[in-house]
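**Q** Below you'll find query.txt; it's compact mmCIF, C-alpha atoms and all ligand atoms.
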# COMPACT_ATOMS: atom_id res chain seq x y z
CA MET A 1 0.00 0.00 0.00
CA PHE A 2 2.84 2.37 0.84
CA SER A 3 5.23 1.17 -1.86
CA ASP A 4 5.02 4.49 -3.76
CA SER A 5 5.79 6.55 -0.66
CA PRO A 6 9.04 8.46 -1.12
CA VAL A 7 10.32 8.39 2.48
CA ASN A 8 9.91 5.79 5.20
CA VAL A 9 10.74 6.77 8.75
CA VAL A 10 9.90 5.31 12.13
CA GLY A 11 6.57 6.62 13.36
CA PHE A 12 5.50 8.76 10.43
CA ASN A 13 5.20 8.29 6.72
CA HIS A 14 5.76 11.54 4.87
CA THR A 15 5.03 12.44 1.29
CA GLU A 16 6.25 15.54 -0.47
CA THR A 17 2.86 16.41 -1.90
CA HIS A 18 1.78 19.87 -0.84
CA ARG A 19 -1.62 20.62 0.51
CA LYS A 20 -3.15 23.53 -1.39
CA GLY A 21 -3.29 26.73 0.61
CA LYS A 22 -0.51 25.65 2.93
CA THR A 23 2.39 28.03 2.64
CA GLU A 24 5.97 26.98 2.35
CA LYS A 25 8.19 28.44 5.01
CA SER A 26 11.75 29.41 4.29
CA SER A 27 14.29 31.25 6.38
CA GLN A 28 17.81 32.52 6.12
CA TYR A 29 20.14 31.68 8.95
CA ASN A 30 23.84 32.60 9.19
CA GLY A 31 24.30 32.57 5.45
CA LEU A 32 22.70 29.16 5.01
CA PHE A 33 19.46 29.01 3.14
CA THR A 34 17.10 26.46 4.61
CA GLU A 35 13.82 25.45 3.19
CA ASP A 36 11.13 23.87 5.28
CA LYS A 37 8.67 22.20 2.97
CA SER A 38 5.31 21.37 4.40
CA CYS A 39 4.53 17.71 4.12
CA ASP A 40 1.37 15.81 4.80
CA THR A 41 1.29 12.95 7.24
CA VAL A 42 -0.61 10.24 5.44
CA ASP A 43 -0.38 7.53 8.07
CA VAL A 44 1.18 6.76 11.41
CA LYS A 45 2.95 3.45 11.73
CA THR A 46 6.17 1.99 12.98
CA VAL A 47 8.64 0.50 10.57
CA GLU A 48 12.04 -0.94 11.31
CA THR A 49 15.00 0.98 9.98
CA GLN A 50 18.31 -0.55 9.13
CA THR A 51 21.56 1.39 9.16
CA ASP A 52 24.05 0.55 6.42
CA ALA A 53 27.43 -0.53 7.77
CA PHE A 54 30.25 1.91 7.01
CA GLU A 55 32.67 0.79 4.35
CA ASN A 56 36.23 0.73 5.57
CA ILE A 57 38.31 3.58 4.14
CA ASP A 58 41.89 2.67 3.33
CA ILE A 59 43.87 5.90 3.88
CA GLY A 60 46.86 4.44 2.04
CA LYS A 61 45.00 4.55 -1.31
CA ILE A 62 44.13 8.29 -1.16
CA ASP A 63 46.12 10.75 -3.33
CA LEU A 64 46.93 13.30 -0.61
CA VAL A 65 48.45 15.80 -3.06
CA ALA A 66 45.25 15.91 -5.11
CA LEU A 67 43.20 16.31 -1.89
CA ASN A 68 45.46 19.16 -0.73
CA ASN A 69 45.05 20.99 -4.09
CA CYS A 70 41.34 20.59 -3.87
CA LEU A 71 41.22 22.03 -0.32
CA GLU A 72 43.42 24.99 -1.33
CA LYS A 73 41.08 25.78 -4.22
CA GLY A 74 38.17 25.71 -1.83
CA LEU A 75 39.91 28.07 0.57
CA ARG A 76 40.69 30.57 -2.22
CA LEU A 77 37.07 30.48 -3.29
CA LEU A 78 35.95 31.21 0.27
CA LYS A 79 38.30 34.23 0.54
CA THR A 80 37.06 35.86 -2.68
CA GLU A 81 33.39 35.05 -2.22
CA CYS A 82 32.92 35.83 1.47
CA ASN A 83 32.57 39.61 0.97
CA GLY A 84 29.06 39.18 -0.33
CA TRP A 85 27.92 36.88 2.44
CA PRO A 86 25.42 37.95 5.12
CA GLU A 87 27.09 39.20 8.28
CA MET A 88 26.49 37.42 11.55
CA HIS A 89 26.56 40.18 14.18
CA SER A 90 23.07 41.49 13.38
CA TYR A 91 21.68 38.01 13.88
CA GLU A 92 23.47 37.52 17.19
CA GLU A 93 21.75 40.61 18.60
CA LYS A 94 18.39 39.10 17.75
CA ILE A 95 19.24 35.90 19.62
CA GLN A 96 20.26 37.86 22.70
CA LYS A 97 16.99 39.74 22.66
CA ASP A 98 14.85 36.65 22.21
CA ILE A 99 16.43 34.24 24.62
CA ASN A 100 16.82 34.57 28.38
CA ASP A 101 18.68 37.62 29.57
CA ASP A 102 20.54 38.20 32.81
CA LYS A 103 17.56 39.96 34.36
CA THR A 104 15.57 36.73 34.48
CA ILE A 105 15.81 35.04 37.86
CA LYS A 106 16.08 31.29 37.59
CA VAL A 107 15.74 28.85 40.47
CA SER A 108 15.72 25.10 40.15
CA LEU A 109 13.65 23.26 42.72
CA ARG A 110 15.29 20.00 41.68
CA GLN A 111 18.29 20.91 43.83
CA HIS A 112 16.10 20.90 46.92
CA PRO A 113 16.23 17.55 48.77
CA SER A 114 12.47 17.36 49.36
CA PHE A 115 11.63 18.10 45.71
CA GLY A 116 13.31 15.03 44.24
CA ALA A 117 11.61 13.87 41.08
CA LYS A 118 8.39 15.76 41.75
CA ASN A 119 6.50 18.23 39.58
CA ILE A 120 5.49 21.82 40.19
CA SER A 121 1.71 22.10 40.29
CA ALA A 122 0.96 25.71 41.30
CA LEU A 123 2.54 28.96 42.36
CA GLY A 124 1.41 32.28 43.81
CA TRP A 125 2.62 35.69 45.01
CA ASN A 126 1.54 37.08 48.36
CA CYS A 127 -0.40 40.37 48.31
CA SER A 128 2.67 42.52 48.97
CA GLY A 129 4.51 40.81 46.09
CA ASP A 130 7.64 40.00 48.13
CA LYS A 131 7.10 36.27 48.66
CA LEU A 132 6.65 33.51 46.11
CA MET A 133 4.98 30.22 47.07
CA VAL A 134 5.58 27.15 44.96
CA ALA A 135 3.58 23.93 45.38
CA THR A 136 4.30 20.42 44.14
CA GLY A 137 2.03 17.59 43.04
CA GLU A 138 1.62 14.80 40.53
CA HIS A 139 -0.41 15.60 37.44
CA CYS A 140 -1.70 12.10 36.76
CA HIS A 141 -3.05 9.68 39.31
CA THR A 142 -3.82 6.06 38.66
CA GLN A 143 -4.10 5.12 42.32
CA TRP A 144 -4.98 6.64 45.67
CA CYS A 145 -2.83 9.68 46.41
CA ASN A 146 -0.79 9.70 49.59
CA HIS A 147 2.24 11.39 48.05
CA LEU A 148 4.39 13.60 50.24
CA ASN A 149 4.40 17.15 48.85
CA SER A 150 5.42 20.64 49.90
CA VAL A 151 4.71 24.33 49.56
CA PHE A 152 8.05 26.15 49.32
CA VAL A 153 8.18 29.81 50.33
CA TYR A 154 10.81 32.05 48.68
CA THR A 155 11.61 35.68 49.48
CA ILE A 156 12.02 37.87 46.40
CA SER A 157 14.91 39.86 47.95
CA ASP A 158 16.86 36.62 48.40
CA LEU A 159 16.13 35.49 44.83
CA GLU A 160 17.19 38.89 43.46
CA ASN A 161 20.55 38.44 45.19
CA ASN A 162 21.09 35.11 43.41
CA GLY A 163 19.94 33.17 46.48
CA SER A 164 17.69 30.13 46.41
CA THR A 165 16.92 29.74 50.10
CA VAL A 166 13.55 28.27 51.00
CA SER A 167 12.46 30.56 53.83
CA ASN A 168 9.59 28.34 54.94
CA LYS A 169 8.06 25.03 53.97
CA LEU A 170 4.73 23.29 54.48
CA GLU A 171 4.59 19.51 54.10
CA VAL A 172 1.41 17.62 53.25
CA THR A 173 0.65 14.00 52.47
CA SER A 174 -1.38 14.58 49.33
CA CYS A 175 -0.65 16.25 46.01
CA ILE A 176 -1.29 19.99 45.92
CA THR A 177 -3.63 20.92 43.09
CA CYS A 178 -3.97 24.68 43.61
CA LEU A 179 -2.64 27.59 45.66
CA ALA A 180 -4.21 30.91 46.64
CA THR A 181 -2.95 33.86 48.63
CA HIS A 182 -5.00 36.14 50.88
CA PRO A 183 -5.84 39.53 49.29
CA THR A 184 -4.87 41.65 52.32
CA ASN A 185 -2.96 39.44 54.77
CA GLU A 186 0.51 38.82 53.33
CA TYR A 187 1.07 35.63 55.36
CA LEU A 188 -2.05 33.56 54.66
CA ILE A 189 -2.17 30.99 51.90
CA THR A 190 -4.56 28.18 50.97
CA ALA A 191 -3.54 24.94 49.39
CA GLY A 192 -6.14 22.74 47.72
CA LEU A 193 -5.28 19.05 47.82
CA TYR A 194 -5.91 16.03 45.64
CA ASN A 195 -7.73 14.31 48.51
CA GLY A 196 -10.29 17.16 48.58
CA GLU A 197 -8.93 18.87 51.67
CA LEU A 198 -8.32 22.60 51.80
CA LEU A 199 -5.57 23.93 54.06
CA ILE A 200 -5.29 27.50 55.27
CA CYS A 201 -1.77 28.12 56.43
CA ASN A 202 0.00 30.98 58.18
CA THR A 203 3.46 31.28 56.63
CA ASN A 204 4.57 33.71 59.34
CA ASP A 205 3.71 31.55 62.29
CA ASN A 206 5.65 28.30 61.88
CA MET A 207 3.22 27.24 59.17
CA SER A 208 0.30 26.66 61.58
CA MET A 209 -2.77 25.56 59.68
CA VAL A 210 -6.48 24.86 59.59
CA SER A 211 -7.97 22.07 57.51
CA LEU A 212 -11.36 22.39 55.82
CA GLU A 213 -13.08 19.34 54.39
CA TRP A 214 -15.17 21.08 51.78
CA HIS A 215 -14.69 18.64 48.92
CA SER A 216 -14.76 14.86 48.54
CA GLN A 217 -12.56 14.90 45.44
CA PRO A 218 -9.55 16.96 44.27
CA VAL A 219 -9.85 20.74 44.69
CA SER A 220 -9.67 22.27 41.19
CA GLU A 221 -9.28 25.88 42.25
CA SER A 222 -9.28 28.04 45.35
CA LEU A 223 -9.57 31.83 45.39
CA TRP A 224 -9.84 34.61 47.93
CA PHE A 225 -11.93 37.61 47.12
CA VAL A 226 -12.72 40.96 48.74
CA ARG A 227 -16.40 41.64 48.21
CA SER A 228 -17.86 45.11 47.72
CA ASP A 229 -18.94 45.10 51.40
CA LEU A 230 -15.22 44.52 52.20
CA ARG A 231 -15.85 41.03 53.55
CA VAL A 232 -13.21 38.52 52.50
CA VAL A 233 -14.62 35.32 51.03
CA LEU A 234 -12.86 32.07 50.26
CA ILE A 235 -14.22 30.22 47.23
CA THR A 236 -13.28 26.75 46.05
CA ALA A 237 -14.31 24.46 43.19
CA GLY A 238 -13.76 20.73 43.08
CA LYS A 239 -13.73 17.64 40.89
CA ASP A 240 -16.75 16.55 42.96
CA GLY A 241 -18.73 19.18 41.03
CA TYR A 242 -19.27 21.57 43.96
CA VAL A 243 -18.44 25.24 44.40
CA CYS A 244 -18.08 26.27 48.06
CA VAL A 245 -18.15 29.81 49.39
CA GLY A 246 -17.19 30.70 52.98
CA THR A 247 -16.96 34.15 54.52
CA MET A 248 -13.93 35.00 56.57
CA MET A 249 -12.93 37.51 59.21
CA SER A 250 -10.20 39.36 57.38
CA ASP A 251 -7.17 38.89 59.62
CA LYS A 252 -7.77 35.75 61.60
CA ILE A 253 -8.39 32.25 60.41
CA LYS A 254 -11.99 32.31 61.50
CA PHE A 255 -14.95 31.41 59.39
CA ILE A 256 -18.59 32.15 59.77
CA GLN A 257 -19.94 28.62 60.09
CA ARG A 258 -22.35 28.61 57.21
CA ILE A 259 -20.73 27.64 53.95
CA CYS A 260 -22.70 27.87 50.74
CA ARG A 261 -22.27 24.92 48.41
CA TYR A 262 -23.40 25.03 44.83
CA LEU A 263 -23.70 21.88 42.81
CA VAL A 264 -22.63 22.65 39.26
CA GLY A 265 -21.18 19.37 37.97
CA ILE A 266 -22.42 15.79 38.39
CA PRO A 267 -20.90 14.10 41.47
CA GLY A 268 -18.75 11.11 40.56
CA LYS A 269 -19.09 11.86 36.84
CA VAL A 270 -18.44 15.46 35.77
CA GLY A 271 -16.19 17.64 37.88
CA ILE A 272 -15.14 21.27 37.65
CA GLN A 273 -12.10 21.76 35.44
CA CYS A 274 -11.54 25.54 35.68
CA PHE A 275 -13.08 28.23 37.83
CA ASP A 276 -13.04 31.97 38.43
CA TYR A 277 -14.95 34.50 40.49
CA SER A 278 -15.83 38.16 40.18
CA ASN A 279 -17.71 40.43 42.54
CA ARG A 280 -21.07 39.13 41.31
CA HIS A 281 -20.56 36.01 39.25
CA PHE A 282 -18.70 32.78 39.45
CA LEU A 283 -17.61 31.12 36.27
CA VAL A 284 -17.29 27.37 35.73
CA ALA A 285 -15.89 25.19 32.97
CA LEU A 286 -16.78 21.54 33.51
CA GLU A 287 -14.72 18.51 32.53
CA ASN A 288 -17.19 17.85 29.68
CA GLY A 289 -16.57 21.30 28.15
CA LYS A 290 -19.76 23.01 29.41
CA ILE A 291 -19.29 26.66 30.37
CA SER A 292 -21.63 28.53 32.72
CA SER A 293 -21.77 31.64 34.86
CA HIS A 294 -23.69 31.81 38.14
CA LEU A 295 -24.96 35.05 39.54
CA CYS A 296 -25.09 34.25 43.22
CA GLY A 297 -27.22 35.66 46.01
CA THR A 298 -24.96 35.03 49.00
CA THR A 299 -26.39 38.06 50.74
CA ARG A 300 -27.00 38.01 54.48
CA ASN A 301 -30.76 37.44 54.78
CA ILE A 302 -31.26 34.55 52.43
CA LYS A 303 -32.37 31.38 54.17
CA GLU A 304 -30.26 28.31 53.58
CA ASP A 305 -32.78 26.50 51.41
CA GLN A 306 -33.31 29.56 49.24
CA VAL A 307 -29.69 30.02 48.31
CA LEU A 308 -29.76 27.80 45.24
CA GLU A 309 -32.94 29.50 44.01
CA ALA A 310 -31.15 32.83 44.26
CA VAL A 311 -28.60 31.78 41.69
CA THR A 312 -29.10 32.78 38.07
CA VAL A 313 -27.36 30.42 35.69
CA LYS A 314 -26.25 31.37 32.17
CA THR A 315 -24.64 28.92 29.78
CA TYR A 316 -22.27 29.68 26.92
CA ASN A 317 -21.51 28.11 23.58
CA GLY A 318 -17.95 26.84 23.39
CA CYS A 319 -16.44 24.55 20.82
CA SER A 320 -14.12 22.15 22.64
CA LEU A 321 -14.31 19.39 25.21
CA MET A 322 -11.04 20.47 26.77
CA ILE A 323 -10.91 23.86 28.44
CA GLU A 324 -7.54 24.76 29.95
CA ASN A 325 -8.17 28.18 31.50
CA ILE A 326 -11.11 30.41 32.37
CA GLN A 327 -10.62 33.91 33.70
CA PHE A 328 -12.53 37.15 34.31
CA CYS A 329 -10.95 40.40 33.23
CA HIS A 330 -9.57 42.24 36.29
CA LYS A 331 -10.63 45.62 34.93
CA ASN A 332 -14.06 44.74 33.58
CA SER A 333 -15.91 41.88 35.25
CA THR A 334 -18.47 41.47 32.46
CA THR A 335 -15.72 40.10 30.19
CA PHE A 336 -14.12 36.71 30.47
CA ILE A 337 -11.80 34.57 28.44
CA ILE A 338 -11.29 30.83 27.97
CA THR A 339 -8.45 28.92 26.34
CA GLN A 340 -9.09 25.56 24.74
CA PHE A 341 -7.00 22.53 23.88
CA ASP A 342 -7.47 23.26 20.16
CA CYS A 343 -5.24 26.38 20.56
CA THR A 344 -8.13 28.86 20.53
CA ILE A 345 -8.74 31.80 22.83
CA LEU A 346 -12.42 32.74 23.20
CA LEU A 347 -13.49 36.14 24.49
CA TYR A 348 -17.01 36.39 25.99
CA ASN A 349 -19.33 38.96 27.45
CA VAL A 350 -21.12 37.46 30.49
CA TYR A 351 -24.51 38.43 29.02
CA GLN A 352 -23.97 36.90 25.58
CA LYS A 353 -24.14 33.22 24.73
CA ASP A 354 -21.63 33.20 21.88
CA PRO A 355 -18.02 34.36 22.02
CA GLN A 356 -17.40 37.93 20.88
CA LYS A 357 -14.07 36.95 19.44
CA ILE A 358 -12.14 33.78 18.66
CA ILE A 359 -8.36 34.04 18.34
CA PHE A 360 -6.30 31.16 16.98
CA ASN A 361 -2.88 30.67 18.50
CA GLN A 362 -0.15 28.71 16.76
CA LYS A 363 0.85 26.67 19.80
CA LEU A 364 -0.86 24.88 22.67
CA ILE A 365 -1.76 27.23 25.51
CA THR A 366 -1.12 25.88 28.99
CA ARG A 367 -1.60 28.97 31.18
CA LEU A 368 -3.23 32.37 30.96
CA CYS A 369 -2.85 35.61 32.93
CA TRP A 370 -4.92 38.69 32.22
CA SER A 371 -2.91 41.92 32.46
CA LEU A 372 -3.52 43.71 35.75
CA GLU A 373 -3.51 47.16 34.10
CA ASN A 374 -4.81 46.71 30.57
CA GLU A 375 -8.12 44.99 29.90
CA PHE A 376 -7.12 44.19 26.31
CA ILE A 377 -3.82 42.43 27.04
CA VAL A 378 -3.42 38.77 28.11
CA TYR A 379 -0.27 36.76 28.67
CA ILE A 380 -0.19 33.09 27.74
CA GLY A 381 2.23 30.30 28.54
CA GLU A 382 2.74 27.76 25.78
CA ASP A 383 3.71 24.09 25.94
CA ASN A 384 7.06 24.78 24.21
CA GLY A 385 8.12 27.09 27.05
CA GLU A 386 7.20 30.38 25.40
CA LEU A 387 5.67 33.38 27.15
CA THR A 388 3.53 35.37 24.72
CA LYS A 389 1.56 38.61 24.94
CA ILE A 390 -1.71 38.88 23.03
CA ASN A 391 -3.52 42.09 22.19
CA LEU A 392 -7.24 41.23 22.16
CA ILE A 393 -8.20 44.18 19.95
CA ASN A 394 -5.88 43.70 16.99
CA GLU A 395 -5.04 40.02 17.80
CA LYS A 396 -1.34 40.81 17.57
CA THR A 397 0.89 38.29 19.35
CA ASP A 398 4.34 39.13 20.68
CA SER A 399 6.72 36.54 21.99
CA ILE A 400 8.24 37.91 25.20
CA LYS A 401 10.55 35.09 26.18
CA LYS A 402 11.26 31.48 25.49
CA PHE A 403 12.41 29.22 28.28
CA LYS A 404 14.20 26.23 26.87
CA SER A 405 12.89 22.71 27.32
CA CYS A 406 10.02 23.40 29.67
CA ASP A 407 6.27 22.98 29.88
CA ILE A 408 4.81 26.08 31.52
CA ILE A 409 2.51 24.63 34.18
CA ALA A 410 2.03 27.60 36.51
CA MET A 411 2.11 31.32 35.86
CA LYS A 412 1.25 34.33 38.06
CA ILE A 413 1.71 38.07 37.70
CA ASN A 414 3.20 39.81 40.73
CA PRO A 415 0.51 42.17 42.09
CA LYS A 416 3.02 44.84 43.17
CA ARG A 417 6.07 44.59 40.91
CA LYS A 418 6.19 44.41 37.14
CA ASN A 419 7.23 40.80 36.91
CA ILE A 420 5.74 37.42 36.24
CA ALA A 421 6.59 34.07 37.82
CA ILE A 422 6.60 30.94 35.71
CA GLY A 423 6.88 27.37 36.94
CA SER A 424 7.78 24.48 34.68
CA LEU A 425 6.54 20.95 35.14
CA GLN A 426 10.14 19.81 35.56
CA GLY A 427 10.84 22.04 38.57
CA GLU A 428 12.32 25.25 37.17
CA ILE A 429 11.08 28.63 38.38
CA TYR A 430 11.63 31.79 36.32
CA ILE A 431 10.85 35.37 37.32
CA CYS A 432 11.03 37.94 34.55
CA LYS A 433 9.84 41.37 33.48
CA TYR A 434 6.91 41.08 31.12
CA GLU A 435 6.48 44.34 29.23
ZN ZN B 501 -0.61 12.34 44.55
Just give me the structure of the file as structure tokens.
**A**
Amino acid sequence: MFSDSPVNVVGFNHTETHRKGKTEKSSQYNGLFTEDKSCDTVDVKTVETQTDAFENIDIGKIDLVALNNCLEKGLRLLKTECNGWPEMHSYEEKIQKDINDDKTIKVSLRQHPSFGAKNISALGWNCSGDKLMVATGEHCHTQWCNHLNSVFVYTISDLENNGSTVSNKLEVTSCITCLATHPTNEYLITAGLYNGELLICNTNDNMSMVSLEWHSQPVSESLWFVRSDLRVVLITAGKDGYVCVGTMMSDKIKFIQRICRYLVGIPGKVGIQCFDYSNRHFLVALENGKISSHLCGTTRNIKEDQVLEAVTVKTYNGCSLMIENIQFCHKNSTTFIITQFDCTILLYNVYQKDPQKIIFNQKLITRLCWSLENEFIVYIGEDNGELTKINLINEKTDSIKKFKSCDIIAMKINPKRKNIAIGSLQGEIYICKYE
């Protein structure tokens, strides 16, 4: 069947036929002209390859005088021709600009004895922007999770002085799925766990903590929020399909006992994949790709059994089963964005069912951060380790930085300084300027 195929390689079978409409890409690099022809994959299969044995070269039979003349001719040709060749220094400048500069702080968690062969799962800045928390956890589970994991606390002043000291550490016996920092208290963090537990921890006070059993399955997301009445609320979403909202006294770890739980998914079947919250709405993307917003009535005088009736649900038309990120705009809470596994970014208005805009990205998007200052700028992390800025008005994309050999798995903008923290699956942490 494949006898007329021009090239056989292990894994893929390529032909040189060009698909119409597909453009050929060519580029000039250091004087060498390379051509990258697009080729269609017609089938995926594995074939055995055989390497031809090298023939023995008998050096005694070579006419070394003739070889020497030939090399001298080549050298003369190079000397006369090289004036017209492209110069390298302009290209070098471009490399320096594109690839990591000295201003990027790099810390490897792999050096830390309790990191070992683990993965980074989440990171977060405290509200004053001077501490970075990094959590670990497995990304795939085939059995019950009782893995030992940690939250590592770094001080930015130490990192800026080329240090890599872990100033504090919290150890837990489950994988950490999400991290959140308190909006006004610089010491409080929450860690959502794979076993459904939610920990509130004081990083100032020997890591003392409170455990909340709000979920029966992994916590997908936890967030703190200051409401318009200045009450601080803690909101979580889980793979059990529930969203939980608890009100908190701002400076102490003390909750008002009533916790509102909203069932959005289907317990045991469809959990919550991504979650975000604004002053009025919460926003849910389920594991089956369904997107909905919930206008919640968690006001003081609503009786417990009326809470669910006070929620207005709106659903949205998406076009993928796999949603990677969902986020409200910080500047305008009627706008939200989702990123999908098919490399699309969808921009919605909360009151409209269909996306206002669909932007196609060339690479897989793993993480998304909406600019804190500009409602039309988002930053995305891509699976090839690239940090990219996207303008939502003109859809222009600018590559800011590329971190070699890493999958960006966590990404947070510092709320006080103009930098962004990036965590790779493999345990590298980068802090860089992002403008
Ligand atoms: Zn685990």
**Q** Give as a list of chain:residue names each residue that has an atom at most 8 Å from (-13.8, 34.9, 51.9) in the file, counting only C-alpha atoms.
**A**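 Here the neighbourhood of the point contains A:Trp224, A:Phe225, A:Val226, A:Arg231, A:Val232, A:Val233, A:Leu234, A:Ile235, A:Val245, A:Gly246, A:Thr247, A:Met248, A:Met249, A:Ser250.
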**Q** So how many Å separate CA of Glu186 (chain A) and CA of Ile420 (chain A), to one decimal?
**A**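 CA of Ile420 (chain A) lies 17.9 Å from CA of Glu186 (chain A).
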**Q** I'd like the box whose edges run along x, y and z of the file and which contains every listed atom of region 383-391 of chain A, padded by 5 Å per side; could you state its centre and edge lengths in Å, one decimal, as JSON?
**A**
{"center_x": 2.3, "center_y": 33.1, "center_z": 24.7, "size_x": 21.6, "size_y": 28.0, "size_z": 15.0}
**Q** For ligand ZN 501 (chain B), return the neighbouring residues as a list in words (distance at most 8 Å; all atoms listed in the file).
**A**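 Written in the requested form, the residues are Gly137, Glu138, His139, Cys140, His141, Trp144, Cys145, Asn146, His147, Leu148, Ser174, Cys175, Ile176 and Tyr194 of chain A.
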**Q** Counting only C-alpha atoms, which of A:Pro218, A:Gly385, A:Gly427, A:Gly124 gets nearest to Thr190 (chain A)?
**A** A:Gly124
**Q** For a test of reading the model, state the distance in Å between CA of Asp276 (chain A) and CA of Glu221 (chain A), rounded to one decimal.
**A**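 These atoms are spaced 8.1 Å apart.
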**Q** Give me the residues near Tyr430 (chain A) as a PyMOL selection string, where near means some atom within 10 Å (using only C-alpha atoms) and where sequence neighbours in that chain fewer than 3 positions away do not count.
**A** chain A and resi 100+104-108+403+411+420-424
**Q** Include C-alpha atoms and write out the residues we just selected as a PDB file, keeping the file's coordinate frame.
**A**
ATOM      1  CA  ASN A 100      16.820  34.570  28.380  1.00  0.00           C
ATOM      2  CA  THR A 104      15.570  36.730  34.480  1.00  0.00           C
ATOM      3  CA  ILE A 105      15.810  35.040  37.860  1.00  0.00           C
ATOM      4  CA  LYS A 106      16.080  31.290  37.590  1.00  0.00           C
ATOM      5  CA  VAL A 107      15.740  28.850  40.470  1.00  0.00           C
ATOM      6  CA  SER A 108      15.720  25.100  40.150  1.00  0.00           C
ATOM      7  CA  PHE A 403      12.410  29.220  28.280  1.00  0.00           C
ATOM      8  CA  MET A 411       2.110  31.320  35.860  1.00  0.00           C
ATOM      9  CA  ILE A 420       5.740  37.420  36.240  1.00  0.00           C
ATOM     10  CA  ALA A 421       6.590  34.070  37.820  1.00  0.00           C
ATOM     11  CA  ILE A 422       6.600  30.940  35.710  1.00  0.00           C
ATOM     12  CA  GLY A 423       6.880  27.370  36.940  1.00  0.00           C
ATOM     13  CA  SER A 424       7.780  24.480  34.680  1.00  0.00           C
TER      14      SER A 424
END
**Q** Identify which of the residues A:Asn161, A:Ser220, A:Ser228, A:Thr181 lies closest to Glu287 (chain A), counting all atoms listed in the file when measuring atom-to-atom distances.
**A**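 Checking each candidate against Glu287 (chain A), we get A:Ser220 as the closest.
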**Q** From the list A:Trp214, A:Trp370, A:Tyr434, A:Phe275, which residue is nearest Asn325 (chain A) when using all atoms listed in the file?
**A**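 Using all atoms listed in the file, the shortest distance to Asn325 (chain A) belongs to A:Phe275.
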**Q** What lies within 9 Å of His330 (chain A) using all atoms listed in the file, ignoring chain neighbours under 2 positions off, as number ranges by chain?
**A** A: 278, 327-328, 332-333, 335, 370-375
**Q** Provide the CA of Phe152 (chain A) to CA of Gly196 (chain A) distance in Å, to one decimal place.
**A** 20.4 Å
**Q** Taking 3 positions as the minimum chain separation for residues in the same chain, which residues sit within 12 Å of Gly318 (chain A) when counting all atoms listed in the file? Answer as an NGL selection string.
**A** :A and (285-286 or 288-292 or 315 or 321-323 or 326 or 337-342 or 344-348 or 352-358)
**Q** Which residue is closest to Leu364 (chain A)? Choose from A:Ile62, A:Ile408, A:Ile393, A:Met209 and count only C-alpha atoms.
**A** A:Ile408
**Q** Go through A:Pro267, A:Gly74, A:Gly241, A:Gly381 and flag the residue nearest Val284 (chain A), using all atoms listed in the file for the distances.
**A**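 Closest residue, counting all atoms listed in the file: A:Gly241.
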